[in-house]
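Below: one structure, written as C-alpha cells.
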Amino acid sequence: MTRRPSPLQATFSPAKVVVSVACLVLAALVPFIYPSTYGTGVLVTMLIFTVLNLSWNFVLGIAGVWNFGQLAMFAVGGYGGGLLIIHASLPPWLAIVAGGVGGTLLAVLLALPTLRLVGIYTSLLTFAAAQVVQLVIQNESSGTTGGALGLPSVEGLFGGLDPLWSARAWYWLVLAVVVVVCAAIALLARSPLGLALRTLRDSAAYGAARGIDPRGHRVLAFAISGFVAGVAGALYTVYNGSISPTVMGLTPMSIYVTMIVIGGLGSITGPIVGTALVTAVQQALIDHPGTQLTVLGVVLIAIVVFMPRGIAFEAGRVRDRVVTWMNEEEEVPAAPASPEGRLVGSRKGT
C-alpha cells in the first residue's frame, strides 16, 4: 500500500526544490546583472508589494473570503512600525515584526464582525473599514500620523552603505522575506488548515457538515494574512523612510487586485507573476501616466477572457502537458524480436 506524502514532502519535492533554488539564485544575481540604483529600488518596491499580494491571495484566493480591507492592515503595519521607530526608538528590525503584530490585531478585529456576512456584504464591509482607517489616519489632529503628508523621516536599514549597495542589501532582504512567505503559504495550503479553508471556499455547507468550524478557520486565515500584510507595510515604511495615506484607497486597491487576478487567484506563484508583469507595464509607461490604468484594464480583460484562472495556472497546464508527453514517449514499449532477429508477428520470410 502506497503511503500518501506528507504536506512537507508534497510541497518541497526534489523537482520543485531544484527549480526553486535555480530561480532563487538567478533572482539573487539580478542586482549584479542590472547594476542600477533606480532599477534595484524599483525591484525592492515590487518585492514589497509581492509580499502584500501573497498575504491578500491567501485570504482571497485560498480561504475564499472577499476581503477588500487588506490595505488597512498594510497601513497599520506601516504606521505602527514607523511610530515605534520615531517615538519608542525601536530598532527597525523589531519595528518590522511589530508592524506584523499590528496587522494581525486589526485583521482579527475586522474578521470577527465581517465573517458573519457573506458575498458582496463582506466586500463592502471590509472596504468600508479600510476607508475608515484611511480617513482616521489622514484627519488625525494631534499630528501623530502626519495627516495627509504622512510620517516624517523614519530611520531605515543599511544607512552606512553607499546607495547602490544599500539598494542591493534591501533587495536581498525583501527577496528573502518573499521566499519565506511563499514557502510558508505553500506549506499552509497543503496542511489540514489549507484543506479546510479550500473546502469552505468551495462549499461552506459541505465543510460545516464535515465538522469544520467556518468562523474559527477564517479568523485564523485573516490573522495569518494580516501579519504578512503588516510586515509588508513596515518594510515599505522603513525602506522609503515614510508612509502616507495615499498607499490606501480605491486606485491602489484596484491595481493590487489586478496583479493577483492576472497572476492567478488562489495559486502560490500567481501574485509573483502578476506583480512582476504589472510593475513592468507601469515602468514601460512611466512617461505616460494617463495610459497606465487603461493598458492595465485591457490586459486584465484579456486575461479574464482567455486565461480566466490566471497566467500561473495556464503555465502549469502547459508544463503538465509537456511532462505527460515526455513520459508517454519514454513508456512506448519496443517490439519483441525473435532469436533470428525478425520482429515477432512479422510475415516476412514466411
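Residues in the C-alpha cells are numbered from 1 in each chain, the chains being A, B, ... in the order shown, and ligands are numbered from 1 in the order shown.
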Requested in this report: May I have the residues within 12 Å of Ala208 (chain A) as a VMD selection string, using only C-alpha atoms and disregarding those fewer than 6 positions away in the same chain?
Outcome: chain A and resid 196 to 197 199 to 202 214 to 217
How about saving the chosen residues, C-alpha atoms kept, as a compact mmCIF listing (two decimals), in the first residue's frame?
# COMPACT_ATOMS: atom_id res chain seq x y z
CA ALA A 196 -10.25 23.12 5.47
CA LEU A 197 -10.08 26.65 4.02
CA THR A 199 -13.28 23.18 1.43
CA LEU A 200 -15.08 26.15 2.97
CA ARG A 201 -14.26 28.22 -0.11
CA ASP A 202 -15.74 25.66 -2.49
CA PRO A 214 -16.06 28.13 9.31
CA ARG A 215 -15.64 31.15 11.55
CA GLY A 216 -12.65 29.85 13.51
CA HIS A 217 -10.70 28.77 10.44
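Taking only C-alpha atoms into account, Leu112 (chain A) lies nearest to A:Leu125 out of the set A:Leu125, A:Ile85, A:Val305, A:Ile311.
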